[in-house]
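Engineer: One structure follows; several queries about it will come next.
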Amino acid sequence: LLFKKNISIICPSNFILNKARKSKILKSKKKIKISNTLDRNFWKPLNKSECKKKLNINKNKKILLFNMPSESDDYVKGLDIFVSIINKLNIENLEIKFFGAHRPKVLNKIKYKSYNFGYIKDNLKLRNLYNSSDLVISTSRFESFGQVILEAQTCGVPCIGFKETGLEDIIIDNKTGYLIKNKDINKMIKKINFLLSEKKNIKFEKKYLEQIHKKFNFLTVGNQHIKFYKRILNEK
């Protein structure tokens, strides 16, 4: 399929677009970056205490959330990096919450109290989990986009991840979270300690939430697709 002349490539992030531009196979293909999208009317900030109560989460605990990968994705998603970081933190009243693959052996490696909600098919429950969290982190070595981070940020939750991944299109560095250069584990530890050691709940300014909404809403992304399709059709 990729060797057909009229194939066009839509990349979900600048990270993937840059990879496609360097690819010998895709070198001659039309390429554009159009992000994934989400429903801003659904993914939104809610009352943290109420969300914690619904999920039976201690209201006095700081919650760090991580999307647990399947075993085959451990290296790409940086599970080894995550475990190393968590065990080097020094934060009082911290609990680690997971959702995703059921990996009890991973939980046993972590020094903090933790709980895995497993695969969550109910978006209402997932939205409550995001809103119960004080911080969501990604330790992915390779991330094409980062839908979990986008959903969490749209719920007003600060996020931390690595530069040179798709997260650079989502996290507004030093505004809605932090982007860490060169996969620097010590730098990420410092940022996590800083955010979660604060006594008050961490919130970012409403104007940055609006920026996220404007960039990733259905209308914006849909119009980008339509414009690209029209351009292709006009070139035939």
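Chain lettering (A, B, ...) mirrors the order of the structure tokens, residue numbering begins at 1 for each chain separately, and ligand numbering begins at 1 in order of display.
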Would you mind listing what lies within 6 Å of range 209-216 of chain A as a PyMOL selection string, with only C-alpha atoms counted and same-chain residues fewer than 2 positions away left out?
Structural biologist: chain A and resi 37+206-207
Engineer: Please extract the residues of range 121-194 of chain A with a backbone DSSP assignment of strand (DSSP E or B) and present them as number ranges by chain.
Structural biologist: A: 135-137, 159-162, 173, 177-180
Engineer: Please, could you write that set of residues out with all heavy atoms as a CSV table (one decimal), in the first residue's frame?
Structural biologist:
chain,number,residue,atom,x,y,z
A,135,LEU,N,-1.6,14.7,39.5
A,135,LEU,CA,-0.6,14.7,38.4
A,135,LEU,C,-0.7,13.4,37.6
A,135,LEU,O,-0.9,12.3,38.1
A,135,LEU,CB,0.8,14.8,39.0
A,135,LEU,CG,2.0,14.8,38.1
A,135,LEU,CD1,2.0,16.0,37.2
A,135,LEU,CD2,3.3,14.7,38.9
A,136,VAL,N,-0.6,13.6,36.3
A,136,VAL,CA,-0.5,12.4,35.4
A,136,VAL,C,0.9,12.5,34.7
A,136,VAL,O,1.3,13.5,34.2
A,136,VAL,CB,-1.6,12.4,34.3
A,136,VAL,CG1,-1.4,11.2,33.4
A,136,VAL,CG2,-3.0,12.4,35.0
A,137,ILE,N,1.6,11.3,34.7
A,137,ILE,CA,2.9,11.4,34.1
A,137,ILE,C,3.0,10.3,33.0
A,137,ILE,O,2.3,9.3,33.0
A,137,ILE,CB,4.1,11.2,35.1
A,137,ILE,CG1,4.2,9.8,35.6
A,137,ILE,CG2,4.0,12.2,36.2
A,137,ILE,CD1,5.4,9.5,36.3
A,159,CYS,N,0.4,17.6,33.8
A,159,CYS,CA,1.0,16.4,33.2
A,159,CYS,C,2.5,16.6,33.0
A,159,CYS,O,3.0,17.8,32.8
A,159,CYS,CB,0.4,16.0,31.9
A,159,CYS,SG,-1.4,15.6,32.0
A,160,ILE,N,3.3,15.6,33.1
A,160,ILE,CA,4.7,15.6,32.8
A,160,ILE,C,5.1,14.5,31.9
A,160,ILE,O,4.6,13.4,32.0
A,160,ILE,CB,5.6,15.4,34.1
A,160,ILE,CG1,5.2,16.6,35.1
A,160,ILE,CG2,7.0,15.5,33.8
A,160,ILE,CD1,6.0,16.4,36.4
A,161,GLY,N,5.9,14.8,30.9
A,161,GLY,CA,6.4,13.8,29.9
A,161,GLY,C,7.7,14.2,29.3
A,161,GLY,O,8.2,15.3,29.6
A,162,PHE,N,8.1,13.4,28.4
A,162,PHE,CA,9.4,13.7,27.7
A,162,PHE,C,9.3,14.5,26.4
A,162,PHE,O,8.3,14.3,25.7
A,162,PHE,CB,10.2,12.4,27.4
A,162,PHE,CG,10.6,11.7,28.6
A,162,PHE,CD1,10.4,10.3,28.8
A,162,PHE,CD2,11.4,12.4,29.6
A,162,PHE,CE1,10.8,9.7,29.9
A,162,PHE,CE2,11.8,11.7,30.8
A,162,PHE,CZ,11.6,10.3,30.9
A,173,ASP,N,4.7,23.7,28.0
A,173,ASP,CA,5.8,23.6,29.0
A,173,ASP,C,5.7,24.7,30.0
A,173,ASP,O,5.6,25.9,29.6
A,173,ASP,CB,7.1,23.5,28.3
A,173,ASP,CG,8.2,23.0,29.1
A,173,ASP,OD1,7.9,22.3,30.1
A,173,ASP,OD2,9.4,23.3,28.8
A,177,GLY,N,2.1,21.9,32.6
A,177,GLY,CA,2.9,20.8,33.1
A,177,GLY,C,4.4,21.0,32.6
A,177,GLY,O,4.8,22.1,32.4
A,178,TYR,N,5.1,19.9,32.5
A,178,TYR,CA,6.5,20.0,32.2
A,178,TYR,C,6.9,19.0,31.1
A,178,TYR,O,6.5,17.9,31.1
A,178,TYR,CB,7.4,19.8,33.4
A,178,TYR,CG,7.2,20.9,34.4
A,178,TYR,CD1,6.5,20.6,35.6
A,178,TYR,CD2,7.8,22.1,34.3
A,178,TYR,CE1,6.4,21.6,36.6
A,178,TYR,CE2,7.6,23.1,35.2
A,178,TYR,CZ,6.9,22.8,36.4
A,178,TYR,OH,6.7,23.8,37.4
A,179,LEU,N,7.8,19.5,30.2
A,179,LEU,CA,8.4,18.6,29.2
A,179,LEU,C,9.9,18.5,29.5
A,179,LEU,O,10.6,19.5,29.7
A,179,LEU,CB,8.2,19.2,27.8
A,179,LEU,CG,6.8,19.2,27.2
A,179,LEU,CD1,6.7,20.2,26.0
A,179,LEU,CD2,6.4,17.8,26.8
A,180,ILE,N,10.3,17.2,29.7
A,180,ILE,CA,11.6,16.9,30.2
A,180,ILE,C,12.6,16.6,29.0
A,180,ILE,O,12.3,15.7,28.2
A,180,ILE,CB,11.6,15.8,31.2
A,180,ILE,CG1,10.6,16.0,32.3
A,180,ILE,CG2,13.0,15.6,31.7
A,180,ILE,CD1,10.8,17.2,33.1
Engineer: Near Lys62 in chain A, within 8 Å and counting only C-alpha atoms, which residues show up once chain neighbours fewer than 2 positions away are dropped, as an MDAnalysis selection string?
Structural biologist: chainID A and resid 60 64 93:95 133:134 196
Engineer: Save the residues we just selected, N, CA, C and O atoms, as a PDB file, in the first residue's frame?
Structural biologist:
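Generated file (result_15.pdb):
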ATOM      1  N   ASN A  60      -7.480  12.894  51.385  1.00  0.00           N
ATOM      2  CA  ASN A  60      -6.297  13.554  51.940  1.00  0.00           C
ATOM      3  C   ASN A  60      -4.988  13.137  51.258  1.00  0.00           C
ATOM      4  O   ASN A  60      -3.925  13.623  51.637  1.00  0.00           O
ATOM      5  N   LEU A  64      -0.958  10.336  42.083  1.00  0.00           N
ATOM      6  CA  LEU A  64      -0.209  10.340  40.829  1.00  0.00           C
ATOM      7  C   LEU A  64      -0.761   9.207  39.970  1.00  0.00           C
ATOM      8  O   LEU A  64      -0.843   8.063  40.420  1.00  0.00           O
ATOM      9  N   ASN A  93       2.126  11.400  51.956  1.00  0.00           N
ATOM     10  CA  ASN A  93       0.715  11.240  51.598  1.00  0.00           C
ATOM     11  C   ASN A  93       0.491  11.019  50.104  1.00  0.00           C
ATOM     12  O   ASN A  93      -0.521  11.458  49.530  1.00  0.00           O
ATOM     13  N   LEU A  94       1.425  10.334  49.464  1.00  0.00           N
ATOM     14  CA  LEU A  94       1.300  10.051  48.039  1.00  0.00           C
ATOM     15  C   LEU A  94       0.798   8.625  47.812  1.00  0.00           C
ATOM     16  O   LEU A  94       1.239   7.692  48.466  1.00  0.00           O
ATOM     17  N   GLU A  95      -0.137   8.493  46.888  1.00  0.00           N
ATOM     18  CA  GLU A  95      -0.575   7.187  46.423  1.00  0.00           C
ATOM     19  C   GLU A  95      -0.477   7.155  44.901  1.00  0.00           C
ATOM     20  O   GLU A  95      -0.684   8.170  44.234  1.00  0.00           O
ATOM     21  N   SER A 133      -7.024  12.965  40.280  1.00  0.00           N
ATOM     22  CA  SER A 133      -5.563  12.948  40.277  1.00  0.00           C
ATOM     23  C   SER A 133      -4.967  14.340  40.396  1.00  0.00           C
ATOM     24  O   SER A 133      -5.539  15.320  39.914  1.00  0.00           O
ATOM     25  N   ASP A 134      -3.804  14.403  41.030  1.00  0.00           N
ATOM     26  CA  ASP A 134      -3.068  15.662  41.144  1.00  0.00           C
ATOM     27  C   ASP A 134      -2.026  15.802  40.039  1.00  0.00           C
ATOM     28  O   ASP A 134      -1.588  16.908  39.738  1.00  0.00           O
ATOM     29  N   LEU A 196       4.008  17.915  43.575  1.00  0.00           N
ATOM     30  CA  LEU A 196       3.227  17.174  44.557  1.00  0.00           C
ATOM     31  C   LEU A 196       3.598  17.490  46.000  1.00  0.00           C
ATOM     32  O   LEU A 196       2.915  17.050  46.915  1.00  0.00           O
TER      33      LEU A 196
END
Engineer: With only C-alpha atoms as the atoms that count, which of A:Ile32, A:Cys155, A:Leu38, A:Ile226 lies nearest to Ser8 in chain A?
Structural biologist: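 Distance minimum relative to Ser8 in chain A lands on A:Ile32.
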Engineer: Which residues come within 10 Å of Phe204 in chain A, counting only C-alpha atoms, excluding same-chain residues fewer than 3 positions away, as a ChimeraX atom specification?
Structural biologist: /A:153,156-158,174-177,207-209
Engineer: If we count only C-alpha atoms, what is near Tyr115 in chain A at a cut-off of 7 Å, once residues fewer than 6 positions away on the same chain are taken out, given as a JSON list (two decimals) with N, CA and C atoms, in the first residue's frame?
Structural biologist:
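Contents of the output file selection_24.json:
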[["chain", "number", "residue", "atom", "x", "y", "z"],
["A", 96, "ILE", "N", -0.16, 5.97, 44.37],
["A", 96, "ILE", "CA", -0.03, 5.79, 42.93],
["A", 96, "ILE", "C", -1.26, 5.04, 42.43],
["A", 97, "LYS", "N", -1.93, 5.60, 41.45],
["A", 97, "LYS", "CA", -3.07, 4.94, 40.84],
["A", 97, "LYS", "C", -2.75, 4.61, 39.39],
["A", 98, "PHE", "N", -3.20, 3.43, 38.98],
["A", 98, "PHE", "CA", -2.99, 2.97, 37.61],
["A", 98, "PHE", "C", -4.34, 2.69, 36.96]]
Engineer: If I take CA of Phe117 in chain A and CA of His102 in chain A, how far is one from the other in Å, to one decimal?
Structural biologist: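 Going from CA of Phe117 in chain A over to CA of His102 in chain A covers 8.4 Å.
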Engineer: When you count only C-alpha atoms, which of these residues is closest to Ile172 in chain A: A:Glu205, A:Glu235, A:Glu71, A:Asp39?
Structural biologist: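 Among the listed residues, the smallest separation from Ile172 in chain A belongs to A:Glu205.
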Engineer: Residues near range 49-54 of chain A, anyone? I mean within 12 Å using only C-alpha atoms, not counting same-chain ones fewer than 4 positions away, as a VMD selection string.
Structural biologist: chain A and resid 45 58 to 63 97 124 to 134 155 201
Engineer: For the selection you just gave me, I'd like the residues written to a file as an mmCIF file, in the first residue's frame, keeping N, CA and C atoms.
Structural biologist:
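Below you can see part_25.cif, which holds the result:
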data_model
loop_
_atom_site.group_PDB
_atom_site.id
_atom_site.type_symbol
_atom_site.label_atom_id
_atom_site.label_comp_id
_atom_site.auth_asym_id
_atom_site.auth_seq_id
_atom_site.Cartn_x
_atom_site.Cartn_y
_atom_site.Cartn_z
ATOM 1 N N PRO A 45 -12.884 19.699 33.723
ATOM 2 C CA PRO A 45 -12.626 19.679 35.168
ATOM 3 C C PRO A 45 -13.902 19.456 35.968
ATOM 4 N N ASN A 58 -8.939 8.144 49.034
ATOM 5 C CA ASN A 58 -8.741 8.983 50.224
ATOM 6 C C ASN A 58 -8.579 10.450 49.815
ATOM 7 N N LYS A 59 -9.447 11.310 50.342
ATOM 8 C CA LYS A 59 -9.438 12.718 49.947
ATOM 9 C C LYS A 59 -8.191 13.458 50.427
ATOM 10 N N ASN A 60 -7.480 12.894 51.385
ATOM 11 C CA ASN A 60 -6.297 13.554 51.940
ATOM 12 C C ASN A 60 -4.988 13.137 51.258
ATOM 13 N N LYS A 61 -5.084 12.239 50.288
ATOM 14 C CA LYS A 61 -3.889 11.738 49.616
ATOM 15 C C LYS A 61 -3.630 12.497 48.315
ATOM 16 N N LYS A 62 -2.349 12.691 48.007
ATOM 17 C CA LYS A 62 -1.953 13.173 46.697
ATOM 18 C C LYS A 62 -1.945 11.968 45.750
ATOM 19 N N ILE A 63 -2.518 12.155 44.578
ATOM 20 C CA ILE A 63 -2.664 11.046 43.642
ATOM 21 C C ILE A 63 -1.850 11.295 42.370
ATOM 22 N N LYS A 97 -1.930 5.602 41.449
ATOM 23 C CA LYS A 97 -3.072 4.937 40.839
ATOM 24 C C LYS A 97 -2.750 4.610 39.388
ATOM 25 N N LEU A 124 -17.054 7.726 31.884
ATOM 26 C CA LEU A 124 -17.452 8.497 33.062
ATOM 27 C C LEU A 124 -16.520 8.179 34.236
ATOM 28 N N LYS A 125 -16.211 6.906 34.398
ATOM 29 C CA LYS A 125 -15.300 6.492 35.463
ATOM 30 C C LYS A 125 -13.893 7.007 35.201
ATOM 31 N N LEU A 126 -13.456 6.950 33.946
ATOM 32 C CA LEU A 126 -12.124 7.436 33.602
ATOM 33 C C LEU A 126 -12.020 8.935 33.833
ATOM 34 N N ARG A 127 -13.059 9.659 33.489
ATOM 35 C CA ARG A 127 -13.064 11.106 33.730
ATOM 36 C C ARG A 127 -12.971 11.399 35.229
ATOM 37 N N ASN A 128 -13.664 10.620 36.034
ATOM 38 C CA ASN A 128 -13.579 10.796 37.484
ATOM 39 C C ASN A 128 -12.173 10.497 37.996
ATOM 40 N N LEU A 129 -11.528 9.509 37.381
ATOM 41 C CA LEU A 129 -10.167 9.147 37.802
ATOM 42 C C LEU A 129 -9.186 10.267 37.460
ATOM 43 N N TYR A 130 -9.288 10.823 36.267
ATOM 44 C CA TYR A 130 -8.437 11.969 35.918
ATOM 45 C C TYR A 130 -8.645 13.100 36.924
ATOM 46 N N ASN A 131 -9.903 13.400 37.202
ATOM 47 C CA ASN A 131 -10.214 14.524 38.079
ATOM 48 C C ASN A 131 -9.884 14.256 39.543
ATOM 49 N N SER A 132 -9.661 13.003 39.892
ATOM 50 C CA SER A 132 -9.223 12.651 41.245
ATOM 51 C C SER A 132 -7.717 12.810 41.400
ATOM 52 N N SER A 133 -7.024 12.965 40.280
ATOM 53 C CA SER A 133 -5.563 12.948 40.277
ATOM 54 C C SER A 133 -4.967 14.340 40.396
ATOM 55 N N ASP A 134 -3.804 14.403 41.030
ATOM 56 C CA ASP A 134 -3.068 15.662 41.144
ATOM 57 C C ASP A 134 -2.026 15.802 40.039
ATOM 58 N N CYS A 155 -9.089 17.842 31.486
ATOM 59 C CA CYS A 155 -9.750 17.806 32.795
ATOM 60 C C CYS A 155 -9.048 18.718 33.801
ATOM 61 N N ASN A 201 -3.834 22.250 46.013
ATOM 62 C CA ASN A 201 -4.010 21.522 44.768
ATOM 63 C C ASN A 201 -3.423 22.315 43.610
#
Engineer: Record the distance separating CA of Asn182 in chain A and CA of Lys105 in chain A, expressed in Å with one decimal.
Structural biologist: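 Separating CA of Asn182 in chain A from CA of Lys105 in chain A is a distance of 28.5 Å.
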Engineer: Separation of CA of Lys19 in chain A and CA of Glu143 in chain A, in Å?
Structural biologist: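 Going from CA of Lys19 in chain A over to CA of Glu143 in chain A, I get 11.8 Å.
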